[in-house]
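Printed here is work_10.tsv (TSV, C-alpha atoms):
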```tsv
chain	number	residue	atom	x	y	z
A	1	MET	CA	0.00	0.00	0.00
A	2	SER	CA	1.34	3.39	-0.75
A	3	ASP	CA	1.17	5.10	2.55
A	4	ASN	CA	1.94	8.69	2.80
A	5	ALA	CA	1.30	11.17	5.54
A	6	GLU	CA	3.29	14.05	4.15
A	7	SER	CA	0.31	15.52	2.45
A	8	PRO	CA	-0.04	19.22	2.09
A	9	ILE	CA	-3.20	20.65	3.45
A	10	GLU	CA	-5.17	22.19	0.71
A	11	THR	CA	-8.10	24.27	1.69
A	12	GLN	CA	-10.45	25.68	-0.80
A	13	LYS	CA	-13.40	27.94	-0.77
A	14	GLU	CA	-15.49	25.52	-2.71
A	15	GLU	CA	-15.95	21.86	-2.54
A	16	SER	CA	-14.39	21.10	-5.87
A	17	GLN	CA	-11.36	18.95	-5.88
A	18	PRO	CA	-7.98	20.30	-6.86
A	19	PRO	CA	-6.29	18.79	-9.88
A	20	SER	CA	-4.11	16.04	-8.62
A	21	ASP	CA	-1.20	14.62	-10.47
A	22	ASP	CA	-1.64	11.14	-11.79
A	23	SER	CA	1.77	10.02	-10.82
A	24	THR	CA	0.40	7.16	-8.79
A	25	ALA	CA	0.47	4.16	-11.02
A	26	ASN	CA	-2.26	2.42	-9.12
A	27	ASP	CA	-5.58	1.68	-10.62
A	28	ASP	CA	-8.05	3.57	-8.57
A	29	LYS	CA	-7.52	7.28	-8.23
A	30	LYS	CA	-11.05	7.73	-7.14
A	31	LYS	CA	-11.52	9.92	-4.14
A	32	ILE	CA	-13.92	9.77	-1.27
A	33	ASP	CA	-15.37	12.40	0.99
A	34	VAL	CA	-14.67	12.15	4.66
A	35	LEU	CA	-16.20	14.18	7.45
A	36	LEU	CA	-14.07	14.43	10.56
A	37	LYS	CA	-15.77	15.04	13.86
A	38	ALA	CA	-14.05	15.72	17.14
A	39	VAL	CA	-15.05	13.93	20.30
A	40	GLY	CA	-14.89	15.33	23.79
A	41	ASP	CA	-12.09	17.76	24.53
A	42	THR	CA	-10.31	17.07	21.31
A	43	PRO	CA	-9.58	20.16	19.24
A	44	ILE	CA	-12.01	20.68	16.45
A	45	MET	CA	-10.61	20.90	12.98
A	46	LYS	CA	-11.97	23.95	11.34
A	47	THR	CA	-11.96	22.16	8.06
A	48	LYS	CA	-14.02	19.10	8.69
A	49	LYS	CA	-14.71	17.86	5.24
A	50	TRP	CA	-11.88	16.30	3.31
A	51	THR	CA	-11.44	14.42	0.10
A	52	MET	CA	-8.80	11.78	-0.21
A	53	ASP	CA	-7.79	8.80	-2.25
A	54	ARG	CA	-9.56	5.57	-1.56
A	55	GLY	CA	-6.24	3.87	-1.15
A	56	ARG	CA	-5.12	6.00	1.74
A	57	THR	CA	-4.86	4.05	4.94
A	58	VAL	CA	-6.39	4.89	8.27
A	59	GLN	CA	-2.91	5.23	9.67
A	60	SER	CA	-2.02	7.80	7.08
A	61	LEU	CA	-5.17	9.74	7.83
A	62	SER	CA	-4.49	9.50	11.53
A	63	GLN	CA	-1.03	10.93	11.06
A	64	PHE	CA	-2.49	13.71	8.99
A	65	ILE	CA	-4.99	14.62	11.68
A	66	SER	CA	-2.35	14.38	14.41
A	67	ARG	CA	-0.15	16.74	12.52
A	68	PHE	CA	-2.97	19.05	11.72
A	69	LEU	CA	-3.85	19.23	15.39
A	70	LYS	CA	-0.19	19.36	16.39
A	71	LEU	CA	-0.48	16.53	18.83
A	72	ASP	CA	2.74	15.67	20.54
A	73	SER	CA	4.26	12.28	20.98
A	74	SER	CA	2.61	11.61	24.29
A	75	GLU	CA	-0.82	11.88	22.77
A	76	GLN	CA	-2.63	9.14	20.97
A	77	LEU	CA	-5.31	9.76	18.39
A	78	PHE	CA	-8.22	7.38	18.20
A	79	ILE	CA	-10.44	7.19	15.18
A	80	TYR	CA	-13.89	5.64	15.26
A	81	VAL	CA	-16.20	4.45	12.54
A	82	ASN	CA	-19.92	4.38	13.16
A	83	GLN	CA	-19.02	5.64	16.61
A	84	SER	CA	-18.64	2.03	17.56
A	85	PHE	CA	-15.26	0.67	16.61
A	86	ALA	CA	-11.79	1.61	15.60
A	87	PRO	CA	-10.68	0.70	12.09
A	88	SER	CA	-7.39	-1.04	11.75
A	89	PRO	CA	-4.53	1.33	10.87
A	90	ASP	CA	-3.86	-0.65	7.72
A	91	GLN	CA	-7.42	-0.41	6.51
A	92	ASP	CA	-8.05	1.49	3.29
A	93	VAL	CA	-10.38	4.41	3.79
A	94	GLY	CA	-12.05	3.46	0.52
A	95	VAL	CA	-13.20	0.16	1.97
A	96	LEU	CA	-14.51	1.93	5.06
A	97	PHE	CA	-16.40	4.29	2.83
A	98	ASP	CA	-17.96	1.38	0.96
A	99	CYS	CA	-19.07	-0.30	4.16
A	100	PHE	CA	-19.99	2.62	6.34
A	101	GLY	CA	-20.37	5.64	4.14
A	102	SER	CA	-23.71	7.37	3.89
A	103	ASP	CA	-24.94	10.32	1.88
A	104	GLY	CA	-21.78	10.16	-0.14
A	105	LYS	CA	-19.39	10.57	2.76
A	106	LEU	CA	-17.67	8.66	5.47
A	107	ILE	CA	-18.06	10.11	8.92
A	108	LEU	CA	-15.17	9.49	11.26
A	109	HIS	CA	-14.97	10.59	14.85
A	110	TYR	CA	-11.59	11.27	16.36
A	111	CYS	CA	-10.49	11.61	19.92
A	112	LYS	CA	-7.16	12.33	21.49
A	113	SER	CA	-5.98	11.01	24.78
A	114	GLN	CA	-2.82	10.47	26.66
A	115	ALA	CA	-0.80	7.56	25.51
A	116	TRP	CA	-1.19	4.12	26.99
A	117	GLY	CA	-0.37	3.90	30.62
B	118	MET	CA	-22.09	-1.36	30.67
B	119	SER	CA	-22.49	2.04	32.20
B	120	ARG	CA	-19.92	4.60	33.23
B	121	GLY	CA	-17.38	3.28	30.76
B	122	VAL	CA	-16.83	0.10	32.70
B	123	LEU	CA	-17.63	-3.49	32.03
B	124	ASP	CA	-18.70	-5.91	34.71
B	125	GLU	CA	-18.02	-9.59	34.56
B	126	GLU	CA	-21.46	-10.62	33.44
B	127	SER	CA	-21.59	-8.08	30.65
B	128	PHE	CA	-18.14	-9.19	29.66
B	129	ARG	CA	-19.34	-12.75	29.25
B	130	LEU	CA	-22.33	-11.64	27.25
B	131	CYS	CA	-20.17	-9.58	24.93
B	132	CYS	CA	-17.82	-12.51	24.52
B	133	ARG	CA	-20.68	-14.82	23.67
B	134	LEU	CA	-21.88	-12.49	20.95
B	135	LEU	CA	-18.38	-11.97	19.64
B	136	LEU	CA	-17.93	-15.71	19.58
B	137	GLN	CA	-21.08	-16.25	17.57
B	138	ARG	CA	-19.91	-13.79	15.00
B	139	SER	CA	-16.43	-15.25	15.01
B	140	GLU	CA	-17.86	-18.64	14.19
B	141	GLN	CA	-19.79	-17.21	11.28
B	142	LEU	CA	-16.68	-15.47	10.02
B	143	ARG	CA	-14.38	-18.34	10.89
B	144	ASP	CA	-12.22	-15.90	12.74
B	145	GLY	CA	-10.92	-18.52	15.15
B	146	TRP	CA	-11.97	-17.35	18.58
B	147	SER	CA	-12.95	-19.92	21.19
B	148	TRP	CA	-14.10	-19.71	24.77
B	149	LYS	CA	-11.98	-21.38	27.42
B	150	ALA	CA	-13.84	-21.94	30.66
B	151	VAL	CA	-12.19	-22.23	33.99
B	152	GLN	CA	-13.13	-25.62	35.22
B	153	GLY	CA	-16.20	-25.64	37.34
B	154	SER	CA	-17.11	-22.00	36.87
B	155	GLU	CA	-18.56	-19.56	34.44
B	156	GLU	CA	-15.34	-17.69	34.43
B	157	GLY	CA	-13.22	-17.98	31.37
B	158	TYR	CA	-11.58	-16.19	28.53
B	159	LEU	CA	-11.58	-15.90	24.78
B	160	ARG	CA	-8.66	-17.39	22.98
B	161	LYS	CA	-7.32	-17.24	19.48
B	162	THR	CA	-4.12	-18.20	17.77
B	163	ALA	CA	-2.78	-16.67	14.61
B	164	LEU	CA	0.30	-16.62	12.50
B	165	ARG	CA	1.78	-13.25	12.01
B	166	SER	CA	4.57	-12.16	9.76
B	167	VAL	CA	6.57	-9.63	11.68
B	168	VAL	CA	9.62	-7.54	11.17
B	169	ILE	CA	11.46	-7.27	14.40
B	170	ASP	CA	13.00	-3.87	14.28
B	171	PRO	CA	16.22	-4.00	16.22
B	172	SER	CA	16.22	-0.25	16.71
B	173	PRO	CA	12.68	0.67	17.58
B	174	ALA	CA	13.55	4.00	19.08
B	175	ARG	CA	14.16	5.88	15.91
B	176	ASP	CA	11.99	7.59	13.39
B	177	GLN	CA	13.14	6.29	10.06
B	178	GLU	CA	14.86	8.47	7.55
B	179	GLY	CA	12.68	10.13	5.06
B	180	SER	CA	10.95	12.71	7.16
B	181	GLY	CA	11.98	15.96	5.64
B	182	SER	CA	13.10	18.83	7.73
B	183	ASP	CA	10.04	20.87	7.03
B	184	SER	CA	7.70	18.08	7.86
B	185	GLU	CA	6.57	17.55	11.24
B	186	PRO	CA	8.67	15.90	13.73
B	187	ARG	CA	6.25	17.20	16.24
B	188	THR	CA	5.66	13.56	16.72
B	189	SER	CA	9.24	12.87	17.62
B	190	CYS	CA	10.16	12.85	21.23
B	191	GLN	CA	9.94	16.51	21.99
B	192	SER	CA	6.81	17.65	23.65
B	193	CYS	CA	5.11	20.69	22.40
B	194	PRO	CA	5.58	23.48	24.89
B	195	ASP	CA	2.47	25.30	23.99
B	196	GLN	CA	-0.25	22.83	24.58
B	197	GLN	CA	-2.74	25.37	25.79
B	198	GLY	CA	-2.49	27.47	22.72
B	199	ARG	CA	-3.09	24.61	20.43
B	200	GLU	CA	-6.65	25.31	19.57
B	201	LYS	CA	-5.91	28.85	18.70
B	202	GLU	CA	-3.01	27.75	16.56
B	203	GLU	CA	-5.07	25.25	14.78
B	204	SER	CA	-7.73	27.68	13.80
B	205	ALA	CA	-5.08	29.97	12.43
B	206	LEU	CA	-4.13	27.29	9.96
B	207	VAL	CA	-7.33	27.67	8.09
B	208	ALA	CA	-7.40	31.43	8.32
B	209	SER	CA	-10.56	33.17	7.58
B	210	VAL	CA	-12.60	30.54	5.89
B	211	ASP	CA	-16.14	29.80	6.73
B	212	THR	CA	-16.23	26.35	8.24
B	213	ASP	CA	-19.45	25.36	6.68
B	214	ARG	CA	-18.40	25.93	3.17
B	215	VAL	CA	-14.93	24.59	3.21
B	216	SER	CA	-13.53	21.25	2.43
B	217	GLY	CA	-9.97	20.27	2.03
B	218	ALA	CA	-8.17	17.73	0.00
B	219	ILE	CA	-5.61	15.33	1.25
B	220	ASP	CA	-3.45	14.55	-1.69
B	221	ASP	CA	-0.55	12.39	-2.50
B	222	ASP	CA	1.46	15.08	-4.15
B	223	GLU	CA	4.53	14.52	-2.08
B	224	ASP	CA	4.67	10.87	-2.54
B	225	ASP	CA	8.30	10.23	-1.98
B	226	GLU	CA	8.40	9.87	1.74
B	227	ASP	CA	7.15	7.19	3.98
B	228	ASP	CA	6.86	8.87	7.26
B	229	GLY	CA	8.74	6.41	9.36
B	230	VAL	CA	5.91	4.02	8.92
B	231	CYS	CA	7.13	0.72	7.71
B	232	THR	CA	10.64	1.08	6.48
B	233	VAL	CA	12.99	-0.66	8.77
B	234	SER	CA	16.67	-1.02	8.43
B	235	GLY	CA	18.23	-4.16	9.69
B	236	GLY	CA	15.14	-6.04	10.73
B	237	SER	CA	14.26	-9.35	9.23
B	238	SER	CA	10.84	-10.70	8.62
B	239	GLN	CA	9.76	-13.84	10.41
B	240	VAL	CA	6.59	-15.76	10.87
B	241	LEU	CA	5.53	-15.97	14.48
B	242	GLN	CA	2.84	-17.89	16.24
B	243	TYR	CA	0.69	-15.63	18.36
B	244	GLU	CA	-1.79	-16.67	20.99
B	245	TYR	CA	-4.25	-14.04	22.21
B	246	HIS	CA	-6.39	-14.22	25.32
B	247	ILE	CA	-9.14	-11.84	26.32
B	248	LEU	CA	-9.77	-11.84	30.03
B	249	HIS	CA	-11.86	-9.70	32.28
B	250	SER	CA	-10.19	-7.59	34.93
B	251	CYS	CA	-12.32	-6.93	37.99
B	252	SER	CA	-10.11	-4.18	39.25
B	253	TYR	CA	-10.26	-2.24	36.00
B	254	ALA	CA	-13.75	-3.48	35.15
B	255	ALA	CA	-12.53	-3.88	31.63
B	256	PRO	CA	-11.33	-6.55	29.24
B	257	VAL	CA	-7.60	-7.11	29.10
B	258	LEU	CA	-5.56	-8.54	26.28
B	259	TYR	CA	-2.91	-11.10	27.09
B	260	PHE	CA	-0.77	-12.69	24.45
B	261	ARG	CA	2.33	-14.68	23.80
B	262	ALA	CA	4.39	-15.16	20.73
B	263	PHE	CA	6.76	-17.84	19.57
B	264	THR	CA	9.13	-18.26	16.69
B	265	GLN	CA	8.65	-21.25	14.51
B	266	GLU	CA	11.36	-23.00	16.46
B	267	GLY	CA	9.32	-22.59	19.58
B	268	ARG	CA	11.33	-19.82	21.17
B	269	SER	CA	9.32	-17.30	23.10
B	270	LEU	CA	9.75	-13.69	22.15
B	271	THR	CA	11.40	-11.36	24.57
B	272	LEU	CA	9.66	-8.27	25.81
B	273	GLU	CA	11.99	-6.11	23.74
B	274	GLU	CA	11.14	-8.07	20.65
B	275	VAL	CA	7.47	-7.63	21.33
B	276	TRP	CA	7.92	-3.90	21.70
B	277	SER	CA	9.80	-3.92	18.43
B	278	SER	CA	6.96	-5.64	16.67
B	279	VAL	CA	4.26	-3.24	17.74
B	280	HIS	CA	2.44	-1.69	14.81
B	281	PRO	CA	4.30	1.41	13.61
B	282	SER	CA	1.36	3.67	14.18
B	283	PHE	CA	1.54	2.99	17.91
B	284	ARG	CA	5.26	2.77	18.24
B	285	LEU	CA	5.93	6.36	19.19
B	286	ARG	CA	3.41	6.24	21.94
B	287	LEU	CA	4.73	2.93	23.12
B	288	GLN	CA	8.20	4.36	23.39
B	289	SER	CA	7.15	7.13	25.71
B	290	SER	CA	6.14	4.60	28.32
B	291	PRO	CA	6.81	1.05	27.19
B	292	LEU	CA	6.35	-0.69	30.49
B	293	ASN	CA	3.01	0.94	30.99
B	294	THR	CA	1.89	-0.32	27.65
B	295	ILE	CA	3.08	-3.87	27.21
B	296	SER	CA	4.70	-5.83	29.97
B	297	LEU	CA	5.22	-9.40	30.99
B	298	GLN	CA	2.71	-10.63	33.52
B	299	GLU	CA	1.49	-13.80	35.07
B	300	HIS	CA	-1.67	-14.94	33.38
B	301	PRO	CA	-4.38	-14.64	36.06
B	302	LEU	CA	-5.98	-17.96	35.23
B	303	LEU	CA	-3.15	-20.04	33.84
B	304	GLY	CA	-0.29	-18.77	35.94
B	305	GLN	CA	2.04	-18.69	32.97
B	306	PRO	CA	3.97	-15.68	31.71
B	307	PHE	CA	2.10	-13.73	29.09
B	308	PHE	CA	2.52	-10.31	27.62
B	309	MET	CA	-0.22	-7.99	28.64
B	310	LEU	CA	-1.54	-4.80	27.13
B	311	HIS	CA	-2.25	-2.47	30.01
B	312	PRO	CA	-5.90	-1.73	30.60
B	313	CYS	CA	-5.56	1.55	32.41
B	314	ARG	CA	-6.47	3.67	29.39
B	315	THR	CA	-9.39	1.52	28.37
B	316	GLU	CA	-12.07	3.66	29.93
B	317	GLU	CA	-10.66	6.67	28.14
B	318	PHE	CA	-10.84	5.36	24.64
B	319	MET	CA	-14.06	3.49	25.26
B	320	ARG	CA	-15.84	6.51	26.60
B	321	PRO	CA	-16.62	8.11	23.21
B	322	VAL	CA	-17.99	4.84	21.97
B	323	LEU	CA	-20.21	4.31	24.98
B	324	GLN	CA	-21.43	7.87	25.03
B	325	ALA	CA	-22.47	7.63	21.43
B	326	GLN	CA	-24.44	4.47	21.79
B	327	ASP	CA	-28.09	4.40	22.49
B	328	GLN	CA	-30.65	1.71	22.76
B	329	HIS	CA	-31.09	1.65	19.02
B	330	ARG	CA	-27.42	1.23	18.43
B	331	PRO	CA	-25.93	-0.71	21.30
B	332	VAL	CA	-22.30	-1.51	21.19
B	333	ASN	CA	-20.40	-4.68	21.96
B	334	TYR	CA	-17.88	-3.39	24.46
B	335	VAL	CA	-15.44	-6.23	23.94
B	336	LEU	CA	-15.62	-5.93	20.18
B	337	SER	CA	-15.11	-2.18	20.20
B	338	TRP	CA	-12.32	-2.48	22.70
B	339	LEU	CA	-10.67	-5.21	20.65
B	340	SER	CA	-10.80	-3.12	17.51
B	341	VAL	CA	-8.71	-0.50	19.29
B	342	VAL	CA	-6.17	-2.68	21.06
B	343	GLY	CA	-5.90	-5.58	18.65
B	344	PRO	CA	-3.97	-3.79	15.91
B	345	VAL	CA	-1.37	-2.65	18.41
B	346	VAL	CA	-0.20	-6.24	18.71
B	347	GLY	CA	-1.01	-7.54	15.29
B	348	LEU	CA	-4.45	-8.88	16.00
B	349	ASP	CA	-6.78	-8.11	13.16
B	350	VAL	CA	-10.46	-7.58	13.77
B	351	PRO	CA	-12.19	-8.00	10.41
B	352	LEU	CA	-14.54	-5.24	9.41
B	353	LYS	CA	-17.29	-7.78	9.00
B	354	TYR	CA	-17.73	-7.96	12.73
B	355	SER	CA	-19.14	-4.48	12.56
B	356	THR	CA	-21.04	-4.61	9.35
B	357	SER	CA	-23.32	-7.38	10.43
B	358	PRO	CA	-26.42	-6.98	12.52
B	359	GLY	CA	-24.97	-9.47	14.97
B	360	SER	CA	-22.48	-7.04	16.47
B	361	SER	CA	-24.73	-5.52	19.08
B	362	THR	CA	-25.07	-6.69	22.61
B	363	GLU	CA	-28.77	-6.51	22.92
B	364	PRO	CA	-30.63	-9.66	22.05
B	365	HIS	CA	-33.53	-8.70	19.85
```

Rewrite the structure of this file - the entire thing - as structure tokens.
Amino acid sequence: MSDNAESPIETQKEESQPPSDDSTANDDKKKIDVLLKAVGDTPIMKTKKWTMDRGRTVQSLSQFISRFLKLDSSEQLFIYVNQSFAPSPDQDVGVLFDCFGSDGKLILHYCKSQAWG
Amino acid sequence: MSRGVLDEESFRLCCRLLLQRSEQLRDGWSWKAVQGSEEGYLRKTALRSVVIDPSPARDQEGSGSDSEPRTSCQSCPDQQGREKEESALVASVDTDRVSGAIDDDEDDEDDGVCTVSGGSSQVLQYEYHILHSCSYAAPVLYFRAFTQEGRSLTLEEVWSSVHPSFRLRLQSSPLNTISLQEHPLLGQPFFMLHPCRTEEFMRPVLQAQDQHRPVNYVLSWLSVVGPVVGLDVPLKYSTSPGSSTEPH
């Protein structure tokens, strides 16, 4: 899987997608819409709606959110699907979208907490 | 299942439901009863291909200088100001109308995720046990791992084989995360994933549930802790109607 968390944050005034380069040789460049919702005391991302490649992993998204929120190393980010379980870090977001997406988007809740122990 | 805690009886109910689903999915879980009692635990074995990273303490090369290492071992001094900072990132845009795109434009770097120098891949036999802890009122994951020659992994090797996405957090307090313990029912040494944070990460799940969408505590908990130690919880557990705790 081509995992990459070094993504630039692109914010736009409209919901159209930016032109993305087709350098990825993989088959499916299709993108999905994801809505990120904060839980509890976790900082709220001002941009909540994101588009991303189906092939992006949960781990990659998690790193993106952690960086966006500037979490430090002692903080763990938890991501929930359906508000009921945590997807595996290696899971493709595209598959999550297929299983749990509704109204054309995948809603993910995120929560930060202190690291284990 | 209130207040973020799980009593013994609810634990057993959750396990029963998880077991039913596991049997449908052929996911390999079984219930091991303590002789003469209702007490017991869930057990599963699995083969896992693991790279034992001999130097787990380092972020791998590839993170550019301008990219984050906020997630390296320095702590951010300005934790209080974080929310203000974060809103400054998106400047003056109206939240409701904005969406962003997460792109793969800078595709060249793997952010210390999987690339390991010097580690070799081996197939290990893992055995996972889910027990209930009365003192934490939560499930606890115990496990052990063997090489194919039958050698038990050391604690250091287990730490080295933790999924990369948890490795940084593990390093900040390894002994509070995974340690070697005596199995409460079997008396043998097992690795244990500490339950003290369970209530914290289960709280959002429990708060969100209602009677129309009850949650299987053990399943939700397992989905969080399992991947830390290589235990996969197939998505199908959560896509089926059988994942709730309430008998209909």

>> Counting all atoms listed in the file, find residues at most 8 Å from (-3.6, 15.8, 25.6) (file frame) and give them as a PyMOL selection string.
In response: (chain A and resi 71+74-75+112-114) or (chain B and resi 196)

> Of the candidates B:Ser139, B:Gln239, B:Gln298, B:Ser216, which one gets nearest to chain A if we count only C-alpha atoms?
Replying inline: B:Ser216

Could you pull the residues within 12 Å of A:Gln76, counting only C-alpha atoms, minus those fewer than 6 positions along the same chain, as a PDB file with C-alpha atoms, in the frame of the given file?
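Contents of around_11.pdb, freshly written:
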```
ATOM      1  CA  THR A  42     -10.310  17.070  21.310  1.00  0.00           C
ATOM      2  CA  GLN A  59      -2.910   5.230   9.670  1.00  0.00           C
ATOM      3  CA  SER A  62      -4.490   9.500  11.530  1.00  0.00           C
ATOM      4  CA  GLN A  63      -1.030  10.930  11.060  1.00  0.00           C
ATOM      5  CA  ILE A  65      -4.990  14.620  11.680  1.00  0.00           C
ATOM      6  CA  SER A  66      -2.350  14.380  14.410  1.00  0.00           C
ATOM      7  CA  ARG A  67      -0.150  16.740  12.520  1.00  0.00           C
ATOM      8  CA  LEU A  69      -3.850  19.230  15.390  1.00  0.00           C
ATOM      9  CA  LYS A  70      -0.190  19.360  16.390  1.00  0.00           C
ATOM     10  CA  TYR A 110     -11.590  11.270  16.360  1.00  0.00           C
ATOM     11  CA  CYS A 111     -10.490  11.610  19.920  1.00  0.00           C
ATOM     12  CA  LYS A 112      -7.160  12.330  21.490  1.00  0.00           C
ATOM     13  CA  SER A 113      -5.980  11.010  24.780  1.00  0.00           C
ATOM     14  CA  GLN A 114      -2.820  10.470  26.660  1.00  0.00           C
ATOM     15  CA  ALA A 115      -0.800   7.560  25.510  1.00  0.00           C
ATOM     16  CA  TRP A 116      -1.190   4.120  26.990  1.00  0.00           C
ATOM     17  CA  GLY A 117      -0.370   3.900  30.620  1.00  0.00           C
TER      18      GLY A 117
ATOM     19  CA  THR B 188       5.660  13.560  16.720  1.00  0.00           C
ATOM     20  CA  SER B 282       1.360   3.670  14.180  1.00  0.00           C
ATOM     21  CA  PHE B 283       1.540   2.990  17.910  1.00  0.00           C
ATOM     22  CA  ARG B 284       5.260   2.770  18.240  1.00  0.00           C
ATOM     23  CA  LEU B 285       5.930   6.360  19.190  1.00  0.00           C
ATOM     24  CA  ARG B 286       3.410   6.240  21.940  1.00  0.00           C
ATOM     25  CA  LEU B 287       4.730   2.930  23.120  1.00  0.00           C
ATOM     26  CA  SER B 289       7.150   7.130  25.710  1.00  0.00           C
ATOM     27  CA  ARG B 314      -6.470   3.670  29.390  1.00  0.00           C
ATOM     28  CA  GLU B 317     -10.660   6.670  28.140  1.00  0.00           C
ATOM     29  CA  PHE B 318     -10.840   5.360  24.640  1.00  0.00           C
ATOM     30  CA  VAL B 341      -8.710  -0.500  19.290  1.00  0.00           C
TER      31      VAL B 341
END
```

Return the padded bounding box of stretch 57-61 of chain A as AutoDock Vina command-line options: axis-aligned, built from all atoms listed in the file, 6 Å added on each side, with centre and edge lengths in Å to one decimal.
```
--center_x -4.2 --center_y 6.9 --center_z 7.3 --size_x 16.4 --size_y 17.7 --size_z 16.7
```

> Of the residues A:Leu36, A:Val93, A:Met52, A:Ile79, which is the one nearest to chain B, using only C-alpha atoms?
Replying inline: A:Met52

>> Could you check the closest approach to chain B for each of A:Thr47, A:Asp92, A:Leu108, A:Phe97 and tell me which residue wins, using all atoms listed in the file?
In response: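 Of A:Thr47, A:Asp92, A:Leu108, A:Phe97, the one nearest chain B, counting all atoms listed in the file, is A:Thr47.
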
>> Would you compute the distance between atom CA of B:Ser337 and atom CA of B:Ser250? Give it in Å to one decimal.
In response: 16.4 Å

>> One number please: atom CA of A:Leu96 to atom CA of B:Leu159, in Å, one decimal.
In response: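 Between atom CA of A:Leu96 and atom CA of B:Leu159 the gap works out to 26.7 Å.
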
> How many Å lie between atom CA of B:Leu336 and atom CA of B:Thr294, rounded to one decimal?
Replying inline: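 Distance reported for this atom pair: 19.8 Å.
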
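Of the residues under consideration (A:Thr51, A:Thr57, A:Gln91, A:Ser102), A:Thr51 shows the shortest atom-to-atom contact distance to chain B when counting all atoms listed in the file.
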
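You can rank B:Ser269, B:Leu258, B:Ala218, B:Glu140 by their closest distance to A:Val34 using only C-alpha atoms, and at the top of that list sits B:Ala218.
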